[in-house]
Structures are given as C-alpha cells and as structure tokens.
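**Q** Just model-v4.txt, nothing more (compact mmCIF, N, CA and C atoms and all ligand atoms):
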# COMPACT_ATOMS: atom_id res chain seq x y z
N MET A 1 -17.50 -32.45 5.29
CA MET A 1 -17.86 -31.90 3.98
C MET A 1 -16.62 -31.88 3.09
N PRO A 2 -16.68 -32.53 1.94
CA PRO A 2 -15.49 -32.56 1.07
C PRO A 2 -15.23 -31.17 0.47
N TRP A 3 -13.98 -30.84 0.40
CA TRP A 3 -13.62 -29.52 -0.13
C TRP A 3 -13.34 -29.62 -1.61
N ARG A 4 -13.89 -28.68 -2.34
CA ARG A 4 -13.59 -28.63 -3.75
C ARG A 4 -12.29 -27.85 -3.92
N PRO A 5 -11.52 -28.20 -4.95
CA PRO A 5 -10.24 -27.53 -5.15
C PRO A 5 -10.34 -26.01 -5.14
N THR A 6 -11.42 -25.48 -5.73
CA THR A 6 -11.54 -24.02 -5.80
C THR A 6 -11.73 -23.43 -4.41
N ARG A 7 -12.43 -24.18 -3.55
CA ARG A 7 -12.62 -23.68 -2.18
C ARG A 7 -11.30 -23.65 -1.43
N GLN A 8 -10.53 -24.71 -1.64
CA GLN A 8 -9.22 -24.77 -0.98
C GLN A 8 -8.33 -23.65 -1.47
N ARG A 9 -8.38 -23.41 -2.78
CA ARG A 9 -7.58 -22.33 -3.33
C ARG A 9 -7.99 -20.99 -2.74
N LYS A 10 -9.30 -20.80 -2.60
CA LYS A 10 -9.80 -19.54 -2.04
C LYS A 10 -9.32 -19.36 -0.60
N ALA A 11 -9.39 -20.45 0.16
CA ALA A 11 -8.96 -20.39 1.56
C ALA A 11 -7.47 -20.09 1.64
N VAL A 12 -6.69 -20.73 0.77
CA VAL A 12 -5.24 -20.51 0.76
C VAL A 12 -4.94 -19.07 0.36
N LEU A 13 -5.64 -18.60 -0.67
CA LEU A 13 -5.40 -17.25 -1.15
C LEU A 13 -5.77 -16.21 -0.09
N SER A 14 -6.89 -16.44 0.60
CA SER A 14 -7.29 -15.46 1.60
C SER A 14 -6.35 -15.49 2.80
N ALA A 15 -5.82 -16.69 3.13
CA ALA A 15 -4.83 -16.77 4.20
C ALA A 15 -3.55 -16.05 3.80
N LEU A 16 -3.25 -16.15 2.51
CA LEU A 16 -2.05 -15.49 1.99
C LEU A 16 -2.20 -13.96 2.08
N HIS A 17 -3.42 -13.50 1.82
CA HIS A 17 -3.69 -12.05 1.92
C HIS A 17 -3.53 -11.56 3.36
N ASP A 18 -3.80 -12.45 4.31
CA ASP A 18 -3.71 -12.07 5.72
C ASP A 18 -2.27 -12.02 6.21
N CYS A 19 -1.38 -12.65 5.48
CA CYS A 19 0.03 -12.67 5.89
C CYS A 19 0.75 -11.47 5.27
N ALA A 20 1.67 -10.92 6.02
CA ALA A 20 2.44 -9.79 5.51
C ALA A 20 3.65 -10.30 4.75
N GLY A 21 3.82 -9.82 3.56
CA GLY A 21 5.00 -10.19 2.79
C GLY A 21 4.94 -11.61 2.28
N PHE A 22 6.09 -12.13 1.94
CA PHE A 22 6.16 -13.48 1.39
C PHE A 22 6.02 -14.53 2.48
N THR A 23 5.30 -15.58 2.16
CA THR A 23 4.97 -16.60 3.14
C THR A 23 5.26 -17.98 2.57
N SER A 24 5.77 -18.86 3.39
CA SER A 24 6.02 -20.23 2.93
C SER A 24 4.75 -21.05 3.06
N ALA A 25 4.72 -22.17 2.34
CA ALA A 25 3.56 -23.06 2.39
C ALA A 25 3.35 -23.56 3.82
N GLN A 26 4.47 -23.82 4.49
CA GLN A 26 4.42 -24.29 5.88
C GLN A 26 3.72 -23.26 6.78
N GLU A 27 4.12 -22.00 6.66
CA GLU A 27 3.52 -20.94 7.48
C GLU A 27 2.04 -20.77 7.16
N LEU A 28 1.72 -20.88 5.87
CA LEU A 28 0.32 -20.76 5.46
C LEU A 28 -0.51 -21.89 6.06
N HIS A 29 0.07 -23.08 6.02
CA HIS A 29 -0.61 -24.25 6.56
C HIS A 29 -0.90 -24.04 8.04
N GLU A 30 0.09 -23.51 8.76
CA GLU A 30 -0.10 -23.24 10.18
C GLU A 30 -1.19 -22.20 10.41
N ALA A 31 -1.20 -21.15 9.57
CA ALA A 31 -2.20 -20.09 9.70
C ALA A 31 -3.60 -20.64 9.45
N LEU A 32 -3.73 -21.53 8.46
CA LEU A 32 -5.03 -22.11 8.13
C LEU A 32 -5.51 -23.01 9.27
N GLU A 33 -4.58 -23.78 9.81
CA GLU A 33 -4.94 -24.66 10.93
C GLU A 33 -5.36 -23.85 12.14
N ALA A 34 -4.65 -22.74 12.37
CA ALA A 34 -4.99 -21.87 13.49
C ALA A 34 -6.39 -21.30 13.34
N ASP A 35 -6.84 -21.15 12.07
CA ASP A 35 -8.19 -20.65 11.80
C ASP A 35 -9.21 -21.78 11.84
N GLY A 36 -8.74 -22.99 12.13
CA GLY A 36 -9.66 -24.11 12.22
C GLY A 36 -10.07 -24.66 10.87
N ILE A 37 -9.25 -24.41 9.85
CA ILE A 37 -9.56 -24.92 8.52
C ILE A 37 -8.80 -26.22 8.30
N PRO A 38 -9.55 -27.33 8.11
CA PRO A 38 -8.88 -28.62 7.95
C PRO A 38 -8.30 -28.76 6.54
N ILE A 39 -7.01 -28.64 6.44
CA ILE A 39 -6.37 -28.72 5.13
C ILE A 39 -4.99 -29.31 5.31
N GLY A 40 -4.62 -30.22 4.45
CA GLY A 40 -3.31 -30.86 4.55
C GLY A 40 -2.23 -30.00 3.91
N LEU A 41 -0.99 -30.21 4.37
CA LEU A 41 0.11 -29.43 3.81
C LEU A 41 0.26 -29.67 2.31
N THR A 42 0.08 -30.91 1.90
CA THR A 42 0.17 -31.25 0.48
C THR A 42 -0.87 -30.48 -0.33
N THR A 43 -2.07 -30.35 0.26
CA THR A 43 -3.14 -29.61 -0.40
C THR A 43 -2.77 -28.14 -0.52
N VAL A 44 -2.12 -27.60 0.52
CA VAL A 44 -1.69 -26.21 0.47
C VAL A 44 -0.69 -26.02 -0.67
N TYR A 45 0.27 -26.97 -0.77
CA TYR A 45 1.25 -26.90 -1.85
C TYR A 45 0.56 -26.94 -3.21
N ARG A 46 -0.40 -27.85 -3.34
CA ARG A 46 -1.11 -28.00 -4.62
C ARG A 46 -1.89 -26.74 -4.96
N ALA A 47 -2.55 -26.17 -3.94
CA ALA A 47 -3.35 -24.96 -4.17
C ALA A 47 -2.42 -23.81 -4.59
N LEU A 48 -1.27 -23.70 -3.93
CA LEU A 48 -0.33 -22.64 -4.26
C LEU A 48 0.20 -22.81 -5.69
N HIS A 49 0.45 -24.05 -6.05
CA HIS A 49 0.93 -24.34 -7.40
C HIS A 49 -0.12 -23.92 -8.43
N ALA A 50 -1.37 -24.25 -8.13
CA ALA A 50 -2.46 -23.88 -9.05
C ALA A 50 -2.61 -22.37 -9.13
N LEU A 51 -2.49 -21.70 -7.97
CA LEU A 51 -2.61 -20.24 -7.94
C LEU A 51 -1.46 -19.59 -8.70
N ASP A 52 -0.29 -20.21 -8.60
CA ASP A 52 0.88 -19.72 -9.31
C ASP A 52 0.64 -19.82 -10.81
N ARG A 53 0.13 -20.98 -11.24
CA ARG A 53 -0.08 -21.19 -12.67
C ARG A 53 -1.17 -20.29 -13.23
N SER A 54 -2.14 -19.93 -12.38
CA SER A 54 -3.21 -19.06 -12.88
C SER A 54 -2.86 -17.59 -12.63
N GLY A 55 -1.64 -17.33 -12.19
CA GLY A 55 -1.17 -15.95 -12.07
C GLY A 55 -1.75 -15.18 -10.90
N GLN A 56 -2.22 -15.88 -9.87
CA GLN A 56 -2.81 -15.15 -8.74
C GLN A 56 -1.82 -14.94 -7.60
N VAL A 57 -0.69 -15.61 -7.68
CA VAL A 57 0.34 -15.39 -6.66
C VAL A 57 1.70 -15.18 -7.34
N ASP A 58 2.56 -14.50 -6.62
CA ASP A 58 3.95 -14.37 -7.05
C ASP A 58 4.79 -15.31 -6.19
N VAL A 59 5.82 -15.83 -6.78
CA VAL A 59 6.67 -16.79 -6.08
C VAL A 59 8.12 -16.34 -6.12
N VAL A 60 8.78 -16.42 -4.99
CA VAL A 60 10.23 -16.22 -4.97
C VAL A 60 10.84 -17.45 -4.32
N ARG A 61 12.11 -17.65 -4.60
CA ARG A 61 12.77 -18.80 -4.00
C ARG A 61 13.83 -18.30 -3.03
N GLU A 62 13.79 -18.85 -1.84
CA GLU A 62 14.76 -18.46 -0.82
C GLU A 62 16.11 -19.10 -1.09
N LYS A 63 17.11 -18.60 -0.35
CA LYS A 63 18.45 -19.17 -0.46
C LYS A 63 18.41 -20.67 -0.22
N SER A 64 17.60 -21.09 0.75
CA SER A 64 17.53 -22.49 1.13
C SER A 64 16.83 -23.34 0.07
N GLY A 65 16.23 -22.65 -0.92
CA GLY A 65 15.51 -23.37 -1.96
C GLY A 65 14.02 -23.42 -1.69
N GLU A 66 13.63 -22.93 -0.50
CA GLU A 66 12.22 -22.92 -0.15
C GLU A 66 11.50 -21.85 -0.96
N ARG A 67 10.30 -22.17 -1.41
CA ARG A 67 9.52 -21.20 -2.17
C ARG A 67 8.64 -20.38 -1.23
N LEU A 68 8.58 -19.09 -1.52
CA LEU A 68 7.72 -18.20 -0.73
C LEU A 68 6.70 -17.58 -1.66
N TYR A 69 5.50 -17.38 -1.12
CA TYR A 69 4.39 -16.93 -1.95
C TYR A 69 3.80 -15.63 -1.45
N ARG A 70 3.20 -14.89 -2.38
CA ARG A 70 2.56 -13.63 -2.04
C ARG A 70 1.45 -13.41 -3.06
N PRO A 71 0.31 -12.90 -2.61
CA PRO A 71 -0.75 -12.65 -3.58
C PRO A 71 -0.29 -11.60 -4.60
N ARG A 72 -0.62 -11.79 -5.82
CA ARG A 72 -0.25 -10.80 -6.84
C ARG A 72 -1.18 -9.60 -6.71
N PRO A 73 -0.62 -8.39 -6.65
CA PRO A 73 -1.47 -7.19 -6.52
C PRO A 73 -2.44 -7.09 -7.69
N ALA A 74 -3.68 -6.76 -7.39
CA ALA A 74 -4.71 -6.71 -8.43
C ALA A 74 -4.59 -5.44 -9.27
N ASP A 75 -4.14 -4.35 -8.63
CA ASP A 75 -4.09 -3.07 -9.33
C ASP A 75 -2.77 -2.92 -10.08
N GLY A 76 -2.66 -3.65 -11.17
CA GLY A 76 -1.43 -3.58 -11.94
C GLY A 76 -0.29 -4.20 -11.18
N HIS A 77 0.83 -4.35 -11.80
CA HIS A 77 1.91 -5.02 -11.10
C HIS A 77 2.79 -4.01 -10.38
N ARG A 78 3.51 -4.53 -9.40
CA ARG A 78 4.43 -3.70 -8.64
C ARG A 78 5.77 -4.41 -8.58
N HIS A 79 6.74 -3.66 -8.15
CA HIS A 79 8.05 -4.27 -7.96
C HIS A 79 8.41 -4.21 -6.49
N TYR A 80 9.08 -5.25 -6.03
CA TYR A 80 9.34 -5.38 -4.61
C TYR A 80 10.81 -5.60 -4.32
N LEU A 81 11.20 -5.10 -3.18
CA LEU A 81 12.51 -5.40 -2.62
C LEU A 81 12.25 -6.38 -1.49
N VAL A 82 12.85 -7.55 -1.60
CA VAL A 82 12.53 -8.62 -0.67
C VAL A 82 13.76 -9.03 0.13
N CYS A 83 13.57 -9.16 1.45
CA CYS A 83 14.66 -9.63 2.30
C CYS A 83 14.72 -11.15 2.24
N ARG A 84 15.89 -11.66 1.88
CA ARG A 84 16.05 -13.11 1.77
C ARG A 84 16.05 -13.79 3.12
N ASP A 85 16.32 -13.03 4.18
CA ASP A 85 16.39 -13.65 5.50
C ASP A 85 15.04 -13.72 6.19
N CYS A 86 14.31 -12.59 6.23
CA CYS A 86 13.06 -12.59 6.99
C CYS A 86 11.83 -12.53 6.09
N GLY A 87 12.02 -12.32 4.78
CA GLY A 87 10.88 -12.31 3.89
C GLY A 87 10.17 -10.98 3.78
N LEU A 88 10.68 -9.98 4.51
CA LEU A 88 10.10 -8.64 4.43
C LEU A 88 10.07 -8.19 2.97
N SER A 89 8.93 -7.70 2.51
CA SER A 89 8.89 -7.20 1.14
C SER A 89 8.32 -5.80 1.10
N THR A 90 8.99 -4.94 0.38
CA THR A 90 8.61 -3.54 0.29
C THR A 90 8.41 -3.18 -1.17
N ALA A 91 7.28 -2.56 -1.48
CA ALA A 91 7.06 -2.08 -2.84
C ALA A 91 8.02 -0.93 -3.11
N VAL A 92 8.65 -0.96 -4.25
CA VAL A 92 9.60 0.10 -4.59
C VAL A 92 9.16 0.85 -5.83
N ASP A 93 9.61 2.09 -5.90
CA ASP A 93 9.33 2.93 -7.06
C ASP A 93 10.15 2.41 -8.24
N ALA A 94 9.48 2.05 -9.31
CA ALA A 94 10.19 1.45 -10.44
C ALA A 94 9.84 2.14 -11.75
N ASP A 95 9.62 3.46 -11.69
CA ASP A 95 9.29 4.20 -12.91
C ASP A 95 10.35 4.02 -13.98
N ALA A 96 11.62 3.98 -13.53
CA ALA A 96 12.72 3.83 -14.49
C ALA A 96 12.61 2.50 -15.22
N VAL A 97 12.20 1.46 -14.48
CA VAL A 97 12.05 0.14 -15.09
C VAL A 97 10.91 0.15 -16.10
N GLU A 98 9.80 0.79 -15.71
CA GLU A 98 8.64 0.85 -16.62
C GLU A 98 9.01 1.58 -17.91
N ARG A 99 9.72 2.71 -17.77
CA ARG A 99 10.11 3.49 -18.95
C ARG A 99 11.07 2.69 -19.82
N TRP A 100 12.02 2.04 -19.16
CA TRP A 100 13.00 1.24 -19.90
C TRP A 100 12.30 0.12 -20.68
N ALA A 101 11.36 -0.56 -20.02
CA ALA A 101 10.65 -1.66 -20.67
C ALA A 101 9.86 -1.16 -21.88
N GLU A 102 9.23 0.01 -21.72
CA GLU A 102 8.46 0.58 -22.84
C GLU A 102 9.38 0.96 -23.99
N ASP A 103 10.50 1.57 -23.65
CA ASP A 103 11.47 1.98 -24.67
C ASP A 103 11.98 0.78 -25.45
N VAL A 104 12.39 -0.25 -24.73
CA VAL A 104 12.94 -1.44 -25.38
C VAL A 104 11.88 -2.08 -26.28
N ALA A 105 10.66 -2.20 -25.75
CA ALA A 105 9.58 -2.81 -26.52
C ALA A 105 9.32 -2.01 -27.78
N GLY A 106 9.28 -0.67 -27.63
CA GLY A 106 9.03 0.20 -28.78
C GLY A 106 10.13 0.08 -29.82
N THR A 107 11.37 0.12 -29.34
CA THR A 107 12.52 0.04 -30.25
C THR A 107 12.54 -1.27 -31.02
N MET A 108 12.18 -2.34 -30.34
CA MET A 108 12.23 -3.66 -30.98
C MET A 108 10.93 -3.99 -31.71
N GLY A 109 9.95 -3.09 -31.63
CA GLY A 109 8.70 -3.32 -32.31
C GLY A 109 7.84 -4.41 -31.68
N PHE A 110 7.98 -4.57 -30.36
CA PHE A 110 7.18 -5.56 -29.65
C PHE A 110 5.96 -4.90 -29.03
N ALA A 111 4.86 -5.66 -28.97
CA ALA A 111 3.66 -5.20 -28.28
C ALA A 111 3.35 -6.15 -27.14
N GLU A 112 2.53 -5.69 -26.21
CA GLU A 112 2.10 -6.51 -25.07
C GLU A 112 3.28 -7.13 -24.34
N VAL A 113 4.32 -6.34 -24.14
CA VAL A 113 5.51 -6.84 -23.45
C VAL A 113 5.28 -6.80 -21.95
N GLU A 114 5.60 -7.89 -21.30
CA GLU A 114 5.48 -7.95 -19.85
C GLU A 114 6.86 -8.15 -19.25
N HIS A 115 6.98 -7.79 -17.99
CA HIS A 115 8.27 -8.00 -17.34
C HIS A 115 8.09 -8.35 -15.88
N THR A 116 9.10 -9.00 -15.36
CA THR A 116 9.12 -9.34 -13.94
C THR A 116 10.46 -8.89 -13.39
N VAL A 117 10.42 -8.00 -12.43
CA VAL A 117 11.66 -7.54 -11.81
C VAL A 117 11.54 -7.75 -10.31
N GLU A 118 12.40 -8.56 -9.78
CA GLU A 118 12.36 -8.85 -8.35
C GLU A 118 13.72 -8.53 -7.76
N LEU A 119 13.75 -7.67 -6.76
CA LEU A 119 14.99 -7.33 -6.09
C LEU A 119 15.04 -8.05 -4.76
N THR A 120 16.09 -8.80 -4.53
CA THR A 120 16.22 -9.47 -3.24
C THR A 120 17.52 -9.04 -2.58
N GLY A 121 17.51 -9.01 -1.27
CA GLY A 121 18.70 -8.61 -0.53
C GLY A 121 18.51 -8.95 0.94
N VAL A 122 19.26 -8.26 1.77
CA VAL A 122 19.15 -8.47 3.21
C VAL A 122 18.77 -7.13 3.83
N CYS A 123 17.64 -7.09 4.55
CA CYS A 123 17.16 -5.83 5.09
C CYS A 123 18.06 -5.34 6.23
N ASP A 124 17.90 -4.07 6.59
CA ASP A 124 18.81 -3.50 7.59
C ASP A 124 18.67 -4.21 8.93
N ARG A 125 17.46 -4.62 9.25
CA ARG A 125 17.25 -5.31 10.53
C ARG A 125 18.01 -6.63 10.57
N CYS A 126 17.95 -7.39 9.48
CA CYS A 126 18.63 -8.68 9.43
C CYS A 126 20.13 -8.51 9.34
N ARG A 127 20.58 -7.39 8.78
CA ARG A 127 22.02 -7.16 8.68
C ARG A 127 22.59 -6.85 10.05
N VAL A 128 21.81 -6.13 10.88
CA VAL A 128 22.29 -5.75 12.20
C VAL A 128 22.27 -6.95 13.15
N THR A 129 21.14 -7.65 13.17
CA THR A 129 21.04 -8.83 14.02
C THR A 129 20.69 -10.05 13.18
N PRO A 130 21.70 -10.73 12.67
CA PRO A 130 21.43 -11.89 11.83
C PRO A 130 20.60 -12.92 12.59
N ALA A 131 19.53 -13.36 11.97
CA ALA A 131 18.64 -14.32 12.63
C ALA A 131 19.38 -15.63 12.87
N VAL A 132 19.12 -16.22 14.01
CA VAL A 132 19.70 -17.53 14.30
C VAL A 132 18.88 -18.55 13.53
N ARG A 133 19.49 -19.08 12.50
CA ARG A 133 18.75 -20.03 11.68
C ARG A 133 19.66 -21.19 11.30
N SER A 134 20.33 -21.71 12.32
CA SER A 134 21.27 -22.79 12.06
C SER A 134 20.55 -24.02 11.48
N SER A 135 19.31 -24.22 11.91
CA SER A 135 18.59 -25.39 11.45
C SER A 135 18.24 -25.28 9.97
N ALA A 136 18.14 -24.04 9.50
CA ALA A 136 17.77 -23.83 8.10
C ALA A 136 19.00 -23.75 7.21
N GLU A 137 20.16 -23.69 7.83
CA GLU A 137 21.37 -23.55 7.04
C GLU A 137 21.68 -24.81 6.27
N GLN A 138 22.23 -24.59 5.10
CA GLN A 138 22.59 -25.74 4.30
C GLN A 138 23.97 -26.25 4.71
N HIS A 139 24.08 -27.53 4.80
CA HIS A 139 25.38 -28.11 5.11
C HIS A 139 25.95 -28.70 3.82
N SER A 140 27.10 -28.18 3.45
CA SER A 140 27.67 -28.68 2.22
C SER A 140 29.01 -29.36 2.47
ZN ZN B 201 15.17 -9.13 6.88
ZN ZN B 202 7.03 -2.98 -13.90
Starting from the file, give its structure as structure tokens.
**A**
Amino acid sequence: MPWRPTRQRKAVLSALHDCAGFTSAQELHEALEADGIPIGLTTVYRALHALDRSGQVDVVREKSGERLYRPRPADGHRHYLVCRDCGLSTAVDADAVERWAEDVAGTMGFAEVEHTVELTGVCDRCRVTPAVRSSAEQHS
C-alpha cells in the first residue's frame, strides 16, 4: 500500500512523541522499523523537514552538526535545557524570559512578538562519565 506523505508525517510525529527528549532522524528511523513500519531514512528526513516547516517539531543542532528533533508542545511553548552529549532535555522555568520579551515588545511597540530560547549544555551525568563517542568525534 503506497504511503501518502501525510501518513508518513503522522507516523514520524507519533514515533517522535514516543521518544524521550531530542531524537535524531536515524534513531527515529530505527524506532519506526522496530514497529514494523516500512519507511526509508530519506523519507524520515523529508517528513521531519516538512514537520519542521509546518511548526510541529523543534530542531536543535548537535555539536557534530547532526540535527535532533522533538515534537513541539501543543500547550503553548516551553523552554528547554538540552544536553549536547546525550540529548536529555528538561523544561525550565522561564518566567523571566517571558516578562522580558513582553517588556521589550511593549517598549518597542511591537505586537505578536514570538521568541525562541534554547539552552544547551552538558548534563551532570555526562560531565561525570563522558560518553565514549570517538566514532562521532570530528577529526580536524
Ligand atoms: Zn547528558
Ligand atoms: Zn517563552
């Protein structure tokens, strides 16, 4: 049965919802295959790109340049602290950011101002035991 793009997007999005935190296209592809869903890696990339453009996923870029994806929360936006090593993402309290954004918008006379704030770092677990990722390391 041929898959329509919207079906593929739905499958990718629902697989993304099943993953904790940020997920790479490769990991998503593996998860979909494990569920017995026949989908090519290129199709996963395309679906993620489409979801990104329609604002249904958030994207961060890893140190290695790899893109990681996460479903965008439906109940308003949130801000996250993301570990660059393991992809762990934690929602953080960002009231100060919200107030600042409102103040700036008001002062400048702007309406419908949106913002994106992403905090990335290295989580305590990764700092204590750095993951062995020699294969992912960049050679310069
Ligand atoms: Zn980590
Ligand atoms: Zn915000």
**Q** Return as a PyMOL selection string the full set of residues in chain A whose backbone-based DSSP assignment is helix (DSSP H, G or I).
**A** chain A and resi 5-18+25-34+41-53+95-108+124-128+134-136
**Q** Quick one: DSSP strand (DSSP E) residues in chain A, as a list in words?
**A**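 Restricting chain A to strand (DSSP E) produces Thr23, Ser24, Val57, Asp58, Val59, Val60, Arg61, Arg67, Leu68, Tyr69, Arg70, Pro71, His79, Tyr80, Leu81, Val82, Cys83, Ser89, Thr90, Ala91, Val92, Glu118, Leu119, Thr120 and Gly121 of chain A.
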**Q** Dig up all the protein and nucleic acid residues within 7 Å of (0.0, -25.3, 4.8) in the file frame, using only N, CA and C atoms, and format them as a PyMOL selection string.
**A** chain A and resi 24-33+39-45
**Q** Could you write out the selected residues, including N, CA and C atoms, as a compact mmCIF listing (two decimals), in the coordinates of the input?
**A**
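Wrote part19.txt, looks like this:
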# COMPACT_ATOMS: atom_id res chain seq x y z
N SER A 24 5.77 -18.86 3.39
CA SER A 24 6.02 -20.23 2.93
C SER A 24 4.75 -21.05 3.06
N ALA A 25 4.72 -22.17 2.34
CA ALA A 25 3.56 -23.06 2.39
C ALA A 25 3.35 -23.56 3.82
N GLN A 26 4.47 -23.82 4.49
CA GLN A 26 4.42 -24.29 5.88
C GLN A 26 3.72 -23.26 6.78
N GLU A 27 4.12 -22.00 6.66
CA GLU A 27 3.52 -20.94 7.48
C GLU A 27 2.04 -20.77 7.16
N LEU A 28 1.72 -20.88 5.87
CA LEU A 28 0.32 -20.76 5.46
C LEU A 28 -0.51 -21.89 6.06
N HIS A 29 0.07 -23.08 6.02
CA HIS A 29 -0.61 -24.25 6.56
C HIS A 29 -0.90 -24.04 8.04
N GLU A 30 0.09 -23.51 8.76
CA GLU A 30 -0.10 -23.24 10.18
C GLU A 30 -1.19 -22.20 10.41
N ALA A 31 -1.20 -21.15 9.57
CA ALA A 31 -2.20 -20.09 9.70
C ALA A 31 -3.60 -20.64 9.45
N LEU A 32 -3.73 -21.53 8.46
CA LEU A 32 -5.03 -22.11 8.13
C LEU A 32 -5.51 -23.01 9.27
N GLU A 33 -4.58 -23.78 9.81
CA GLU A 33 -4.94 -24.66 10.93
C GLU A 33 -5.36 -23.85 12.14
N ILE A 39 -7.01 -28.64 6.44
CA ILE A 39 -6.37 -28.72 5.13
C ILE A 39 -4.99 -29.31 5.31
N GLY A 40 -4.62 -30.22 4.45
CA GLY A 40 -3.31 -30.86 4.55
C GLY A 40 -2.23 -30.00 3.91
N LEU A 41 -0.99 -30.21 4.37
CA LEU A 41 0.11 -29.43 3.81
C LEU A 41 0.26 -29.67 2.31
N THR A 42 0.08 -30.91 1.90
CA THR A 42 0.17 -31.25 0.48
C THR A 42 -0.87 -30.48 -0.33
N THR A 43 -2.07 -30.35 0.26
CA THR A 43 -3.14 -29.61 -0.40
C THR A 43 -2.77 -28.14 -0.52
N VAL A 44 -2.12 -27.60 0.52
CA VAL A 44 -1.69 -26.21 0.47
C VAL A 44 -0.69 -26.02 -0.67
N TYR A 45 0.27 -26.97 -0.77
CA TYR A 45 1.25 -26.90 -1.85
C TYR A 45 0.56 -26.94 -3.21
**Q** Between A:His49, A:Ser64, A:Cys123, A:Ser14, which one has atoms that come closest to Thr90 (chain A), using only C-alpha atoms?
**A**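 Among the listed residues, A:Cys123 lies closest to Thr90 (chain A).
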**Q** Mind dumping a table of every chain A residue within 7 Å of ligand ZN 202 (chain B), with the nearest atom pair and its distance in Å to one decimal, using only C-alpha atoms and all ligand atoms, sorted by chain and rising number, as a Markdown table?
**A**
| residue | atom | partner | partner_atom | distance |
| --- | --- | --- | --- | --- |
| A:His77 | CA | B:ZN202 | ZN | 6.2 |
| A:Arg78 | CA | B:ZN202 | ZN | 5.9 |
| A:His79 | CA | B:ZN202 | ZN | 6.2 |
| A:Ala94 | CA | B:ZN202 | ZN | 6.4 |
| A:Val97 | CA | B:ZN202 | ZN | 6.0 |
| A:Glu98 | CA | B:ZN202 | ZN | 5.0 |
| A:His115 | CA | B:ZN202 | ZN | 6.2 |
| A:Thr116 | CA | B:ZN202 | ZN | 6.7 |
| A:Val117 | CA | B:ZN202 | ZN | 6.8 |
**Q** Generate the output file for the selected residues, N, CA and C atoms, as a PDB file, keeping the file's coordinate frame.
**A**
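Okay, this is what ended up in out.pdb:
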ATOM      1  N   HIS A  77       0.830  -4.350 -11.800  1.00  0.00           N
ATOM      2  CA  HIS A  77       1.910  -5.020 -11.100  1.00  0.00           C
ATOM      3  C   HIS A  77       2.790  -4.010 -10.380  1.00  0.00           C
ATOM      4  N   ARG A  78       3.510  -4.530  -9.400  1.00  0.00           N
ATOM      5  CA  ARG A  78       4.430  -3.700  -8.640  1.00  0.00           C
ATOM      6  C   ARG A  78       5.770  -4.410  -8.580  1.00  0.00           C
ATOM      7  N   HIS A  79       6.740  -3.660  -8.150  1.00  0.00           N
ATOM      8  CA  HIS A  79       8.050  -4.270  -7.960  1.00  0.00           C
ATOM      9  C   HIS A  79       8.410  -4.210  -6.490  1.00  0.00           C
ATOM     10  N   ALA A  94       9.480   2.050  -9.310  1.00  0.00           N
ATOM     11  CA  ALA A  94      10.190   1.450 -10.440  1.00  0.00           C
ATOM     12  C   ALA A  94       9.840   2.140 -11.750  1.00  0.00           C
ATOM     13  N   VAL A  97      12.200   1.460 -14.480  1.00  0.00           N
ATOM     14  CA  VAL A  97      12.050   0.140 -15.090  1.00  0.00           C
ATOM     15  C   VAL A  97      10.910   0.150 -16.100  1.00  0.00           C
ATOM     16  N   GLU A  98       9.800   0.790 -15.710  1.00  0.00           N
ATOM     17  CA  GLU A  98       8.640   0.850 -16.620  1.00  0.00           C
ATOM     18  C   GLU A  98       9.010   1.580 -17.910  1.00  0.00           C
ATOM     19  N   HIS A 115       6.980  -7.790 -17.990  1.00  0.00           N
ATOM     20  CA  HIS A 115       8.270  -8.000 -17.340  1.00  0.00           C
ATOM     21  C   HIS A 115       8.090  -8.350 -15.880  1.00  0.00           C
ATOM     22  N   THR A 116       9.100  -9.000 -15.360  1.00  0.00           N
ATOM     23  CA  THR A 116       9.120  -9.340 -13.940  1.00  0.00           C
ATOM     24  C   THR A 116      10.460  -8.890 -13.390  1.00  0.00           C
ATOM     25  N   VAL A 117      10.420  -8.000 -12.430  1.00  0.00           N
ATOM     26  CA  VAL A 117      11.660  -7.540 -11.810  1.00  0.00           C
ATOM     27  C   VAL A 117      11.540  -7.750 -10.310  1.00  0.00           C
TER      28      VAL A 117
END
**Q** Separation of atom N of Leu13 (chain A) and CA of Ala50 (chain A), in Å?
**A**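 Those two atoms sit 10.4 Å apart.
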**Q** In Å, how far is it from CA of Gln56 (chain A) to CA of Asp18 (chain A)?
**A**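 Computing the Euclidean distance for CA of Gln56 (chain A) and CA of Asp18 (chain A) yields 14.8 Å.
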**Q** All residues within 8 Å of ligand ZN 201 (chain B) are required, counting all atoms listed in the file; please report them as a PyMOL selection string.
**A** chain A and resi 82-89+121-127+131
**Q** Counting only C-alpha atoms, find the residues whose atoms lie at most 6 Å from (-5.5, -25.2, -2.1) (file coordinates) and write them out as a list in words.
**A**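 In the file's frame, the residues around the point are Gln8, Arg9, Val12, Thr43, Val44, Arg46 and Ala47 of chain A.
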**Q** Could you write out that same residue set with N, CA and C atoms as a CSV table (one decimal), keeping the file's coordinate frame?
**A**
chain,number,residue,atom,x,y,z
A,8,GLN,N,-10.5,-24.7,-1.6
A,8,GLN,CA,-9.2,-24.8,-1.0
A,8,GLN,C,-8.3,-23.6,-1.5
A,9,ARG,N,-8.4,-23.4,-2.8
A,9,ARG,CA,-7.6,-22.3,-3.3
A,9,ARG,C,-8.0,-21.0,-2.7
A,12,VAL,N,-6.7,-20.7,0.8
A,12,VAL,CA,-5.2,-20.5,0.8
A,12,VAL,C,-4.9,-19.1,0.4
A,43,THR,N,-2.1,-30.4,0.3
A,43,THR,CA,-3.1,-29.6,-0.4
A,43,THR,C,-2.8,-28.1,-0.5
A,44,VAL,N,-2.1,-27.6,0.5
A,44,VAL,CA,-1.7,-26.2,0.5
A,44,VAL,C,-0.7,-26.0,-0.7
A,46,ARG,N,-0.4,-27.8,-3.3
A,46,ARG,CA,-1.1,-28.0,-4.6
A,46,ARG,C,-1.9,-26.7,-5.0
A,47,ALA,N,-2.6,-26.2,-3.9
A,47,ALA,CA,-3.4,-25.0,-4.2
A,47,ALA,C,-2.4,-23.8,-4.6
**Q** Mind pulling up the distance from CA of Asp35 (chain A) to CA of Leu51 (chain A)?
**A**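 The value is 20.5 Å.
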